[in-house]
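Peer 1: The structure's right below; bear with me while I get my questions together.
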Amino acid sequence: EDLTNQLLKTGCYCLNESPRCPFTNLFIGDYTLPLRSDADEQLLLQLSFLQTVKLSSIQIGIPNDDSCPQTIKLFCNKNNLGFAEAADSPPAQIITVSKGSKIAKFDLSAVKWQRVDSITLFVENNYGDDQSVLHSLKVFGSPVHGTNVSNIKQS
């Protein structure tokens with residue numbers, strides 16, 4: 001199941017995104033409107049969910065050039081990571097992207113992605129370009145029946 005509709009929009013953001021090519025482009029479905037990094041090739045995407053989910057796979061749309069991400073570190077339930085912490089912390093999973101296809105889908109380790117409130121994607125490097133580009137992003141899995149965090153009222 002595509003969990004894009006389970007994203008808590010106010011809990012999603014990207015660090016080092018180009019103002020002209022922001023991360024919200026990833027969910028439009030238009031290959032000509034990508035997410036592009038700004039100062040260097042690194043990107044740090046935080047995705048929060050409306051409720052706890054179990055993730056099974058992740059799918060990214062990628063360019064077929066040197067701006068294609070190469071190493072992406074995935075973190076489970078690690079909020080507010082900075083670049084230094086993401087670079088130095090052990091991730092839940094590392095995916096290595098091969099350029100050549102427009103869509104890359106990666107299965108996630110079932111044990112590590114059972115109860116997910118947020119996922120952080122750290123694009124550590126690419127194939128040599130000054131900027132990294134992603135065309136789309138989808139996460140697949142299923143809701144863990146329980147609490148919808150958007151229904152919790154603060155007192």
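Chain labels run A, B, ... following the order of the structure tokens; each chain numbers its residues from 1, and ligands are numbered from 1 in the order shown.
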Looking only at strand (DSSP E) from DSSP on the backbone, list the matching residues of chain A as JSON, numbers by chain.
Peer 2: {"A": [13, 14, 15, 35, 36, 43, 44, 45, 46, 47, 48, 49, 50, 51, 52, 53, 54, 55, 56, 57, 58, 59, 60, 61, 69, 70, 71, 72, 73, 74, 75, 76, 93, 94, 95, 96, 103, 104, 105, 106, 107, 116, 117, 118, 119, 120, 121, 122, 123, 124, 125, 126, 133, 134, 136, 137, 138, 139, 140, 141, 142, 143, 144, 145, 146, 147, 148]}
Peer 1: Would you list the contacts of range 120-123 of chain A as a PyMOL selection string, taking every protein, DNA or RNA residue within 10 Å and counting only C-alpha atoms, but skipping same-chain residues closer than 2 positions in sequence?
Peer 2: chain A and resi 12-15+37+41-48+68-83+86-87+91-95+118+125-126+132-134
Peer 1: For Thr32 in chain A, which residue out of A:Ser101, A:Asp117, A:Asn5, A:Ile62 is the nearest one, using only C-alpha atoms?
Peer 2: A:Ile62
Peer 1: Contacts of Arg20 in chain A at 10 Å or less, counting only C-alpha atoms, minus same-chain residues fewer than 6 places along, as a ChimeraX atom specification?
Peer 2: /A:33-38
Peer 1: My list of candidates is A:Pro63, A:Pro90, A:Gly141, A:Pro22. Which is closest to Thr4 in chain A when distances are computed with only C-alpha atoms?
Peer 2: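 Of all the options, A:Gly141 lies closest to Thr4 in chain A.
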Peer 1: Would you list the contacts of Lys54 in chain A as a list in words, taking every protein, DNA or RNA residue within 6 Å and counting only C-alpha atoms, but skipping same-chain residues closer than 6 positions in sequence?
Peer 2: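 Here the qualifying residues turn out to be Trp113, Gln114, Arg115, Gly141 and Ser142 of chain A.
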Peer 1: Go through A:Val111, A:Gln6, A:His135, A:Glu1 and flag the residue nearest Asn64 in chain A, using only C-alpha atoms for the distances.
Peer 2: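 Under the stated criterion, the closest residue is A:His135.
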